[in-house]
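input-v2.cif follows (mmCIF, C-alpha atoms and all ligand atoms):
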data_work
#
loop_
_atom_site.label_atom_id
_atom_site.label_comp_id
_atom_site.auth_asym_id
_atom_site.auth_seq_id
_atom_site.Cartn_x
_atom_site.Cartn_y
_atom_site.Cartn_z
CA MET A 934 0.00 0.00 0.00
CA THR A 935 1.19 3.53 -0.79
CA ASN A 936 -0.31 6.90 0.08
CA LEU A 937 -1.57 6.95 -3.51
CA SER A 938 -3.60 3.80 -3.35
CA GLY A 939 -7.32 4.47 -3.62
CA LYS A 940 -6.69 8.11 -4.54
CA SER A 941 -7.76 9.90 -7.69
CA VAL A 942 -5.74 12.49 -9.60
CA LEU A 943 -6.89 14.80 -12.36
CA LEU A 944 -3.96 15.18 -14.75
CA ILE A 945 -3.96 18.21 -17.01
CA ILE A 946 -1.61 17.75 -19.95
CA GLY A 947 -0.38 20.98 -21.51
CA GLY A 948 1.02 21.39 -25.00
CA GLY A 949 4.77 20.86 -24.94
CA ILE A 950 7.32 18.33 -26.08
CA ALA A 951 7.44 17.04 -22.47
CA ALA A 952 3.85 15.81 -22.88
CA TYR A 953 5.26 12.40 -23.79
CA LYS A 954 6.56 12.12 -20.20
CA SER A 955 3.02 12.48 -18.86
CA LEU A 956 2.31 9.02 -20.32
CA GLU A 957 5.01 7.59 -18.04
CA LEU A 958 3.55 9.61 -15.13
CA ILE A 959 0.13 8.00 -15.70
CA ARG A 960 1.76 4.57 -15.71
CA LEU A 961 3.58 5.28 -12.44
CA LEU A 962 0.48 6.64 -10.69
CA ARG A 963 -1.72 3.76 -11.77
CA GLY A 964 0.98 1.30 -10.71
CA LYS A 965 0.62 2.76 -7.20
CA GLY A 966 -3.14 2.20 -7.20
CA CYS A 967 -4.09 5.78 -8.08
CA ALA A 968 -6.90 6.45 -10.58
CA VAL A 969 -6.10 9.08 -13.23
CA ASN A 970 -8.57 11.21 -15.16
CA ALA A 971 -6.97 13.30 -17.88
CA ILE A 972 -7.73 16.62 -19.51
CA MET A 973 -5.70 17.50 -22.62
CA THR A 974 -5.38 21.02 -23.95
CA ARG A 975 -5.78 21.48 -27.69
CA ALA A 976 -1.99 22.05 -27.96
CA ALA A 977 -1.27 18.87 -25.99
CA GLU A 978 -2.98 16.84 -28.71
CA GLU A 979 -0.27 18.03 -31.13
CA PHE A 980 2.30 16.13 -29.03
CA VAL A 981 0.51 13.00 -27.75
CA THR A 982 -2.72 11.45 -28.90
CA PRO A 983 -5.86 11.24 -26.76
CA LEU A 984 -5.93 7.55 -27.69
CA SER A 985 -2.56 6.89 -25.97
CA VAL A 986 -3.73 8.79 -22.88
CA ALA A 987 -7.08 6.95 -22.80
CA CYS A 988 -5.32 3.57 -23.15
CA LEU A 989 -3.03 4.33 -20.20
CA THR A 990 -5.65 5.91 -17.91
CA GLY A 991 -8.27 3.34 -18.88
CA ARG A 992 -10.74 6.24 -19.04
CA LYS A 993 -12.19 8.71 -21.48
CA VAL A 994 -9.98 11.75 -22.08
CA HIS A 995 -11.61 15.15 -21.56
CA ASN A 996 -10.71 17.97 -23.88
CA ALA A 997 -13.69 20.23 -24.58
CA LEU A 998 -15.36 22.73 -22.26
CA PHE A 999 -18.69 22.57 -24.03
CA ASN A 1000 -19.14 18.88 -24.67
CA LEU A 1001 -22.74 17.82 -24.20
CA THR A 1002 -21.97 14.15 -23.47
CA ASP A 1003 -19.23 15.04 -20.96
CA GLU A 1004 -21.46 17.54 -19.18
CA ILE A 1005 -24.23 14.93 -18.85
CA GLU A 1006 -21.81 12.20 -17.64
CA MET A 1007 -19.65 14.39 -15.39
CA GLY A 1008 -19.75 18.20 -15.45
CA HIS A 1009 -16.40 20.00 -15.78
CA ILE A 1010 -16.75 21.33 -12.24
CA GLU A 1011 -17.35 17.83 -10.88
CA LEU A 1012 -14.28 16.62 -12.79
CA SER A 1013 -11.99 18.74 -10.61
CA ARG A 1014 -14.03 18.35 -7.42
CA SER A 1015 -14.07 14.55 -7.53
CA ALA A 1016 -10.26 14.32 -7.69
CA ASP A 1017 -8.09 14.25 -4.55
CA LEU A 1018 -5.49 16.39 -6.29
CA LEU A 1019 -4.88 18.16 -9.60
CA VAL A 1020 -1.57 17.95 -11.42
CA VAL A 1021 -0.50 19.95 -14.45
CA ALA A 1022 2.27 18.23 -16.42
CA PRO A 1023 3.68 19.67 -18.51
CA ALA A 1024 2.65 23.14 -17.32
CA THR A 1025 3.40 25.53 -20.18
CA ALA A 1026 4.13 29.25 -19.73
CA ASP A 1027 0.66 29.90 -21.09
CA LEU A 1028 -1.06 27.58 -18.56
CA LEU A 1029 0.94 29.12 -15.68
CA ALA A 1030 -0.13 32.61 -16.80
CA LYS A 1031 -3.78 31.54 -16.99
CA MET A 1032 -3.61 30.00 -13.52
CA ALA A 1033 -1.88 33.05 -12.01
CA THR A 1034 -4.48 35.42 -13.44
CA GLY A 1035 -7.51 33.20 -12.87
CA GLN A 1036 -8.50 32.84 -16.52
CA ALA A 1037 -10.99 30.13 -17.45
CA ASP A 1038 -11.39 29.97 -21.23
CA ASP A 1039 -10.94 26.24 -21.84
CA LEU A 1040 -11.55 22.99 -19.97
CA ALA A 1041 -8.06 22.85 -18.39
CA SER A 1042 -8.09 26.41 -17.00
CA THR A 1043 -11.74 26.11 -15.91
CA ALA A 1044 -11.04 22.90 -13.98
CA LEU A 1045 -8.06 24.58 -12.30
CA LEU A 1046 -10.12 27.60 -11.27
CA ALA A 1047 -13.06 25.49 -10.08
CA THR A 1048 -11.08 23.34 -7.66
CA ASP A 1049 -10.51 23.60 -3.93
CA LYS A 1050 -8.06 20.70 -3.95
CA ALA A 1051 -4.25 20.75 -3.80
CA VAL A 1052 -2.57 21.44 -7.14
CA VAL A 1053 0.90 20.31 -8.22
CA VAL A 1054 2.41 21.81 -11.38
CA ALA A 1055 5.45 20.63 -13.32
CA PRO A 1056 6.56 23.51 -15.57
CA ALA A 1057 8.28 22.74 -18.87
CA MET A 1058 9.34 25.36 -21.41
CA ASN A 1059 12.21 27.01 -23.21
CA VAL A 1060 14.84 28.37 -20.80
CA ARG A 1061 14.24 32.01 -21.84
CA MET A 1062 10.51 31.63 -21.36
CA TRP A 1063 11.12 30.16 -17.88
CA THR A 1064 13.52 32.91 -16.81
CA HIS A 1065 11.38 35.70 -18.28
CA ALA A 1066 10.19 38.15 -15.61
CA ALA A 1067 6.54 37.54 -16.54
CA THR A 1068 6.81 33.77 -15.98
CA GLN A 1069 8.74 34.26 -12.74
CA ARG A 1070 6.05 36.70 -11.54
CA ASN A 1071 3.37 34.13 -12.34
CA VAL A 1072 5.26 31.36 -10.55
CA GLU A 1073 5.63 33.60 -7.49
CA THR A 1074 1.88 34.26 -7.52
CA LEU A 1075 1.15 30.55 -7.77
CA ARG A 1076 3.51 29.78 -4.86
CA ARG A 1077 1.66 32.38 -2.78
CA ASP A 1078 -1.59 30.63 -3.74
CA ALA A 1079 -0.15 27.42 -2.21
CA ILE A 1080 0.31 25.75 -5.61
CA GLN A 1081 3.21 23.28 -5.42
CA ILE A 1082 5.82 23.64 -8.14
CA VAL A 1083 8.02 20.63 -9.06
CA GLY A 1084 11.04 21.47 -11.17
CA PRO A 1085 11.82 22.47 -13.81
CA ASN A 1086 15.17 20.68 -14.01
CA GLU A 1087 18.29 21.94 -15.72
CA GLY A 1088 19.66 20.29 -18.82
CA GLU A 1089 19.75 20.23 -22.56
CA MET A 1090 16.42 21.22 -24.05
CA ALA A 1091 14.60 19.95 -27.12
CA CYS A 1092 15.22 23.35 -28.73
CA GLY A 1093 18.99 22.90 -28.33
CA GLU A 1094 19.44 25.44 -25.51
CA PHE A 1095 20.76 24.55 -22.06
CA GLY A 1096 19.42 25.61 -18.65
CA PRO A 1097 16.35 25.32 -16.44
CA GLY A 1098 13.16 24.43 -18.31
CA ARG A 1099 13.09 20.65 -18.63
CA MET A 1100 10.05 19.10 -16.98
CA ALA A 1101 10.83 17.19 -13.77
CA GLU A 1102 11.06 13.44 -14.30
CA PRO A 1103 7.78 11.49 -13.86
CA ILE A 1104 9.20 9.76 -10.78
CA GLU A 1105 9.85 13.18 -9.16
CA ILE A 1106 6.34 14.38 -10.01
CA ALA A 1107 4.81 11.16 -8.63
CA ALA A 1108 6.80 11.66 -5.40
CA ALA A 1109 5.53 15.26 -5.11
CA ILE A 1110 1.96 14.04 -5.65
CA GLU A 1111 2.40 11.35 -3.01
CA ALA A 1112 3.84 13.89 -0.53
CA ALA A 1113 0.96 16.29 -1.19
CA LEU A 1114 -1.54 13.51 -0.51
CA THR A 1115 0.15 12.35 2.70
CA PRO A 1116 -1.60 13.89 5.68
CA ALA A 1117 0.76 16.02 7.76
CA VAL A 1118 1.42 14.68 11.25
CA LEU A 1119 0.02 17.39 13.50
CA PRO A 1120 1.76 18.07 16.81
CA LEU A 1121 -1.21 17.01 18.96
CA SER A 1122 -2.63 14.22 16.84
CA GLY A 1123 -3.50 11.24 19.00
CA LYS A 1124 -3.64 13.49 22.10
CA LYS A 1125 -6.70 14.53 24.08
CA VAL A 1126 -7.10 18.11 25.31
CA LEU A 1127 -9.76 19.19 27.83
CA ILE A 1128 -10.62 22.90 28.03
CA THR A 1129 -13.08 24.82 30.19
CA ALA A 1130 -14.47 28.16 29.04
CA GLY A 1131 -16.99 30.84 29.88
CA PRO A 1132 -18.68 31.72 33.17
CA THR A 1133 -20.64 29.47 35.47
CA ARG A 1134 -24.14 30.35 36.64
CA GLU A 1135 -25.03 29.62 40.24
CA PRO A 1136 -28.81 29.67 40.77
CA ILE A 1137 -30.51 31.77 43.43
CA ASP A 1138 -33.91 30.53 42.38
CA PRO A 1139 -35.27 29.23 39.03
CA VAL A 1140 -35.06 32.72 37.42
CA ARG A 1141 -32.03 34.37 39.05
CA PHE A 1142 -28.35 33.47 39.21
CA ILE A 1143 -24.86 34.68 40.20
CA SER A 1144 -22.39 34.85 37.33
CA ASN A 1145 -19.57 36.99 35.87
CA HIS A 1146 -18.48 38.78 32.68
CA SER A 1147 -16.57 35.95 30.98
CA SER A 1148 -17.52 35.74 27.29
CA GLY A 1149 -15.77 32.41 26.66
CA LYS A 1150 -13.64 33.92 23.85
CA GLN A 1151 -10.29 32.89 25.34
CA GLY A 1152 -11.39 29.32 26.04
CA TYR A 1153 -13.07 28.91 22.64
CA ALA A 1154 -9.91 30.21 20.92
CA LEU A 1155 -7.93 27.56 22.82
CA ALA A 1156 -10.32 24.86 21.60
CA GLU A 1157 -9.93 26.09 17.99
CA ALA A 1158 -6.14 26.00 18.32
CA ALA A 1159 -6.17 22.51 19.86
CA VAL A 1160 -8.35 21.20 17.00
CA ALA A 1161 -6.04 22.82 14.42
CA MET A 1162 -3.10 21.01 16.00
CA GLY A 1163 -4.85 17.67 15.63
CA ALA A 1164 -6.00 17.09 19.22
CA GLU A 1165 -9.19 15.32 20.21
CA THR A 1166 -10.66 18.41 21.87
CA VAL A 1167 -13.36 18.50 24.55
CA LEU A 1168 -14.66 21.94 25.48
CA VAL A 1169 -16.68 22.12 28.69
CA SER A 1170 -18.47 25.41 28.33
CA GLY A 1171 -20.49 27.61 30.61
CA PRO A 1172 -23.31 29.63 29.01
CA VAL A 1173 -21.84 31.85 26.26
CA ASN A 1174 -22.98 33.41 23.05
CA LEU A 1175 -20.32 32.14 20.62
CA PRO A 1176 -20.38 29.86 17.57
CA LEU A 1177 -19.26 26.32 18.42
CA PRO A 1178 -15.63 25.68 17.42
CA PRO A 1179 -15.75 23.19 14.51
CA GLY A 1180 -14.14 19.86 15.33
CA ALA A 1181 -14.39 20.21 19.11
CA GLN A 1182 -16.78 18.19 21.25
CA VAL A 1183 -18.69 20.80 23.24
CA MET A 1184 -20.28 19.92 26.58
CA PRO A 1185 -22.57 22.71 27.78
CA VAL A 1186 -22.89 23.14 31.55
CA GLU A 1187 -24.24 25.84 33.86
CA SER A 1188 -22.90 25.52 37.39
CA ALA A 1189 -19.44 24.83 38.85
CA GLU A 1190 -20.59 21.45 40.14
CA GLN A 1191 -21.80 20.46 36.67
CA MET A 1192 -18.50 21.69 35.19
CA LEU A 1193 -16.46 19.55 37.60
CA LYS A 1194 -18.58 16.47 36.87
CA ALA A 1195 -18.22 16.98 33.10
CA CYS A 1196 -14.42 17.43 33.40
CA GLU A 1197 -13.98 14.34 35.57
CA GLY A 1198 -16.02 12.35 33.07
CA GLU A 1199 -13.52 13.28 30.33
CA LEU A 1200 -10.45 11.89 32.12
CA PRO A 1201 -7.95 10.59 31.21
CA CYS A 1202 -6.63 13.31 28.94
CA ASP A 1203 -3.15 14.57 28.07
CA ILE A 1204 -3.59 18.30 28.65
CA ALA A 1205 -6.28 20.10 30.69
CA ILE A 1206 -6.66 23.88 30.48
CA PHE A 1207 -9.01 25.68 32.84
CA ALA A 1208 -9.91 29.02 31.25
CA ALA A 1209 -13.44 29.18 32.66
CA ALA A 1210 -14.31 31.87 35.16
CA VAL A 1211 -15.82 29.59 37.77
CA ALA A 1212 -17.89 31.13 40.54
CA ASP A 1213 -16.07 30.63 43.84
CA TRP A 1214 -19.31 30.42 45.79
CA ARG A 1215 -22.85 29.27 45.21
CA VAL A 1216 -26.07 29.90 47.08
CA ALA A 1217 -26.48 27.17 49.69
CA ASN A 1218 -30.23 27.36 49.82
CA ALA A 1219 -31.22 28.03 46.20
CA ALA A 1220 -35.01 28.25 46.15
CA ALA A 1221 -37.04 25.73 44.20
CA GLU A 1222 -39.61 28.41 43.29
CA LYS A 1223 -39.16 32.07 42.37
CA ILE A 1224 -38.48 34.11 45.53
CA LYS A 1225 -41.31 36.63 45.99
CA LYS A 1226 -40.98 40.16 47.33
CA ASP A 1227 -42.11 40.16 50.95
CA ASN A 1228 -43.08 43.58 52.29
CA GLY A 1229 -39.52 44.98 52.10
CA ARG A 1230 -37.85 41.97 53.72
CA ILE A 1231 -34.56 41.25 51.96
CA PRO A 1232 -33.95 37.50 51.49
CA ALA A 1233 -30.75 36.24 53.14
CA LEU A 1234 -28.54 34.26 50.76
CA ALA A 1235 -26.28 31.84 52.57
CA MET A 1236 -23.23 31.05 50.43
CA VAL A 1237 -21.09 27.90 50.31
CA GLU A 1238 -17.79 27.41 48.53
CA ASN A 1239 -17.87 25.72 45.14
CA PRO A 1240 -15.53 22.84 44.39
CA ASP A 1241 -12.25 24.07 42.91
CA ILE A 1242 -12.19 22.25 39.56
CA LEU A 1243 -8.58 23.09 38.69
CA LYS A 1244 -7.28 22.05 42.11
CA THR A 1245 -9.35 18.86 42.19
CA ILE A 1246 -8.03 17.71 38.79
CA ALA A 1247 -4.44 18.87 39.40
CA GLN A 1248 -4.23 17.02 42.72
CA ARG A 1249 -5.80 13.73 41.61
CA LYS A 1250 -3.79 10.62 42.40
CA ASP A 1251 -5.17 8.74 39.40
CA LYS A 1252 -5.89 9.96 35.87
CA ARG A 1253 -4.11 13.29 36.44
CA PRO A 1254 -3.53 14.84 32.99
CA ALA A 1255 0.17 15.05 32.05
CA ILE A 1256 -0.12 18.86 31.95
CA VAL A 1257 -2.63 20.89 33.96
CA VAL A 1258 -2.91 24.60 33.16
CA GLY A 1259 -4.92 27.16 35.13
CA PHE A 1260 -5.76 30.75 34.30
CA ALA A 1261 -5.67 33.49 36.92
CA ALA A 1262 -7.94 36.48 36.61
CA GLU A 1263 -6.42 39.25 38.72
CA THR A 1264 -7.02 42.97 39.17
CA GLU A 1265 -3.79 43.83 41.02
CA ARG A 1266 -0.33 42.30 41.68
CA VAL A 1267 -1.07 39.92 38.79
CA ALA A 1268 2.14 37.86 38.75
CA GLU A 1269 2.40 37.61 42.54
CA HIS A 1270 -1.17 36.31 42.99
CA ALA A 1271 -0.76 33.95 40.05
CA ARG A 1272 2.44 32.43 41.53
CA GLU A 1273 0.57 31.84 44.77
CA LYS A 1274 -2.27 30.10 42.83
CA LEU A 1275 0.24 27.90 40.96
CA ALA A 1276 1.58 26.59 44.27
CA ARG A 1277 -1.78 26.34 46.08
CA LYS A 1278 -3.64 24.54 43.28
CA GLY A 1279 -0.80 22.21 42.27
CA CYS A 1280 -0.99 22.86 38.51
CA ASP A 1281 1.94 22.96 36.08
CA MET A 1282 1.35 26.39 34.60
CA ILE A 1283 -0.75 29.46 35.28
CA ILE A 1284 -1.72 31.95 32.60
CA ALA A 1285 -2.34 35.20 34.45
CA ASN A 1286 -4.29 38.07 32.98
CA ASP A 1287 -5.35 41.45 34.33
CA VAL A 1288 -9.15 41.64 34.25
CA SER A 1289 -9.48 45.17 35.65
CA ALA A 1290 -12.28 46.99 33.83
CA THR A 1291 -9.78 49.23 31.98
CA THR A 1292 -7.99 46.31 30.27
CA GLY A 1293 -11.09 45.06 28.44
CA VAL A 1294 -9.90 41.45 28.81
CA PHE A 1295 -13.29 40.18 29.97
CA GLY A 1296 -15.31 39.97 26.76
CA GLY A 1297 -12.63 41.64 24.58
CA ASP A 1298 -10.71 40.17 21.63
CA ASN A 1299 -7.20 40.77 23.02
CA ASN A 1300 -5.25 39.58 26.01
CA LYS A 1301 -1.88 40.26 27.63
CA VAL A 1302 -0.73 37.32 29.69
CA HIS A 1303 2.00 36.24 32.10
CA VAL A 1304 2.95 32.59 31.63
CA ILE A 1305 4.04 31.29 35.01
CA THR A 1306 5.61 27.91 35.76
CA PRO A 1307 7.64 26.67 38.74
CA LEU A 1308 10.75 27.53 36.66
CA GLY A 1309 9.96 31.19 36.00
CA ALA A 1310 7.71 33.61 34.17
CA GLU A 1311 7.32 35.03 30.67
CA ILE A 1312 5.35 38.16 29.85
CA TRP A 1313 3.79 38.00 26.39
CA PRO A 1314 2.96 41.26 24.62
CA GLU A 1315 -0.69 42.11 24.07
CA MET A 1316 -2.11 40.07 21.18
CA SER A 1317 -5.42 38.63 20.03
CA LYS A 1318 -6.93 35.86 22.16
CA ARG A 1319 -6.55 33.60 19.09
CA ASP A 1320 -2.80 34.31 18.98
CA VAL A 1321 -2.48 33.71 22.73
CA ALA A 1322 -4.28 30.39 22.18
CA ARG A 1323 -2.06 29.34 19.25
CA LYS A 1324 1.15 30.29 21.05
CA LEU A 1325 0.06 28.56 24.24
CA MET A 1326 -1.00 25.35 22.46
CA GLU A 1327 2.36 25.26 20.64
CA LYS A 1328 4.17 25.64 23.96
CA LEU A 1329 2.08 22.91 25.57
CA ALA A 1330 2.52 20.52 22.63
CA HIS A 1331 6.29 21.00 22.90
CA GLU A 1332 6.24 20.50 26.68
CA LEU A 1333 4.08 17.37 26.34
CA ALA A 1334 6.46 15.88 23.78
CA ILE A 1335 9.42 16.47 26.13
CA ARG A 1336 7.61 14.97 29.14
CA GLN A 1337 6.43 11.94 27.20
CA ALA A 1338 9.92 11.37 25.74
CA LYS A 1339 11.36 11.37 29.28
CA SER A 1340 8.76 8.99 30.78
O1 LIG B 1401 -13.98 34.55 28.64
P1 LIG B 1401 -13.27 35.79 28.17
O2 LIG B 1401 -14.18 36.99 28.11
O3 LIG B 1401 -12.50 35.54 26.90
O4 LIG B 1401 -12.18 36.17 29.30
C1 LIG B 1401 -11.11 35.30 29.53
C2 LIG B 1401 -10.88 35.09 31.03
C3 LIG B 1401 -10.47 36.38 31.69
C4 LIG B 1401 -12.14 34.53 31.71
C5 LIG B 1401 -9.74 34.00 31.15
O5 LIG B 1401 -8.61 34.46 30.47
C6 LIG B 1401 -9.40 33.71 32.60
O6 LIG B 1401 -8.62 34.39 33.26
N1 LIG B 1401 -10.01 32.62 33.15
C7 LIG B 1401 -9.90 32.25 34.57
C8 LIG B 1401 -10.89 33.06 35.36
C9 LIG B 1401 -10.87 32.71 36.84
O7 LIG B 1401 -11.79 32.12 37.34
O8 LIG B 1401 -9.75 33.00 37.43
P2 LIG B 1401 -9.46 32.71 39.03
O9 LIG B 1401 -8.19 33.39 39.28
O10 LIG B 1401 -10.66 33.05 39.82
O11 LIG B 1401 -9.27 31.13 39.09
C10 LIG B 1401 -8.01 30.51 38.92
C11 LIG B 1401 -8.17 29.20 38.20
O12 LIG B 1401 -8.94 28.30 38.97
C12 LIG B 1401 -8.84 29.29 36.86
O13 LIG B 1401 -8.19 28.39 35.99
C13 LIG B 1401 -10.26 28.82 37.14
O14 LIG B 1401 -10.83 28.18 35.99
C14 LIG B 1401 -10.03 27.82 38.23
N2 LIG B 1401 -11.16 27.70 39.19
C15 LIG B 1401 -11.55 28.72 39.96
C16 LIG B 1401 -12.56 28.53 40.87
C17 LIG B 1401 -13.16 27.27 40.98
N3 LIG B 1401 -14.14 27.05 41.83
N4 LIG B 1401 -12.76 26.27 40.19
C18 LIG B 1401 -11.76 26.46 39.31
O15 LIG B 1401 -11.39 25.54 38.59
#
Would you encode the structure as structure tokens?
Amino acid sequence: MTNLSGKSVLLIIGGGIAAYKSLELIRLLRGKGCAVNAIMTRAAEEFVTPLSVACLTGRKVHNALFNLTDEIEMGHIELSRSADLLVVAPATADLLAKMATGQADDLASTALLATDKAVVVAPAMNVRMWTHAATQRNVETLRRDAIQIVGPNEGEMACGEFGPGRMAEPIEIAAAIEAALTPAVLPLSGKKVLITAGPTREPIDPVRFISNHSSGKQGYALAEAAVAMGAETVLVSGPVNLPLPPGAQVMPVESAEQMLKACEGELPCDIAIFAAAVADWRVANAAAEKIKKDNGRIPALAMVENPDILKTIAQRKDKRPAIVVGFAAETERVAEHAREKLARKGCDMIIANDVSATTGVFGGDNNKVHVITPLGAEIWPEMSKRDVARKLMEKLAHELAIRQAKS
């Protein structure tokens, strides 16, 4: 089995002498279990015949944009969408220019514009055409558009000149296709990350509660970053008004006690990050029915302490996550209070932020954090909560890899 087996490639053959090498490319791809559909430009048919291409692909060759039969069997848009990857070999100067400027005036350029799949191009042309500023500008544009360029190689050219312009060998193009179709190993793939976010609500009666200003933005950004790094991500969320982060498993909760229960139910995990603003106290005698006004008598609310979720998880004897991270919301002496929380709660890292009203951290899009561990502290400049999340997840992935390598 190779990474190509079971895959499907749409090969666009441009008009150049190197077109004969695309026949060998088809043979190589099919030998690795990869299906090939081919589009030939009109110029390509001057160099190789559609019959040769059809014999090697084992499929009909597509060459016309407005072909009634083709459109009924498989529309030109579907042709590029149904492939796992598009490859242009040989990619002529003309095809590169069309791709760079988004032109769609034939089947090949239309398929290239209509795709959202990875595209690999193997340029082949005269050396002066390749080195011309216009071609180089186009290639630069394509690189910026995340198009992968293989070659061209240097050597003697069919026109007798010497230099870069020869199409990469089919074996090199097949290797580039295979690499493009091999999923990248993400730093947290195979790892489980648990994140809490948002406020908790502690009921006074069925219609009233105690809560705080947390919007959930920092915790949701962490969940997004964990998903992007390949982690199985569980987000235990208090009530917030944010879109759910795609790819994360979201567990909605209301109170601190529910949050603790949900977190414990998600153990074991590799990393746990507690970004929720959990109410420290709840009403001991929350009323079952709405509390009525009573001739000016103010109801007495007895308070009891909520369980400390971070501390409970960080100090577990069994199923303690390899890395436990707390946040600290402070309004003065930020680093000092955060260091004290790190020691008292027994976590591995505290991310301290100043939530004084003037900073706008509660509910805002930016954050300025102190990253505190038993070994020292870093102060990160103010940045978006998304950037804090990305930077923190990268740091934690690195730390996890070191810890797991040592154990
Ligand atoms: O939600 P946003 O608007 O984006 O704002 C982000 C934020 C300010 C809420 C976030 O960055 C943050 O600081 N979260 C922690 C808020 C908080 O409760 O801080 P604390 O210092 O009171 O608690 C310290 C740590 O203990 C926190 O990790 C907290 O989740 C945890 N804790 C606290 C009390 C409790 N009963 N259980 C806990 O687990």
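Proximity of A:Leu943, A:Ile1204, A:Leu958, A:Ile1010 to Ala1051 of chain A, computed with all atoms listed in the file, is greatest for A:Leu943.
Taking only C-alpha atoms into account, the residues near (-8.2, 32.7, -10.7), no farther than 12 Å, are Leu1028, Leu1029, Ala1030, Lys1031, Met1032, Ala1033, Thr1034, Gly1035, Gln1036, Ala1037, Asp1038, Ser1042, Thr1043, Ala1044, Leu1045, Leu1046, Ala1047, Thr1048, Asp1049, Asn1071, Thr1074, Leu1075 and Asp1078 of chain A.
For the pair atom CA of Gly966 of chain A and atom CA of Pro983 of chain A, the interatomic distance is 21.7 Å.
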Box in all listed atoms of segment 1207-1220 of chain A, axis-aligned, with 3 Å more on each side; write out centre and edge lengths in Å to one decimal as AutoDock Vina command-line options.
--center_x -22.0 --center_y 28.8 --center_z 40.5 --size_x 32.0 --size_y 12.2 --size_z 24.6
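When all atoms listed in the file are used to measure the gap to Thr1115 of chain A, the shortest distance among A:Arg1141, A:His1303, A:Arg1319, A:Lys940 belongs to A:Lys940.
Counting from atom CA of Leu984 of chain A, the distance to atom CA of Asn996 of chain A is 12.1 Å.
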Checklist entry - Pick the closest to Ser985 of chain A from A:Ala1220, A:Ala952, A:Val1054, A:Ala1016: which is it, counting only C-alpha atoms? => result A:Ala952
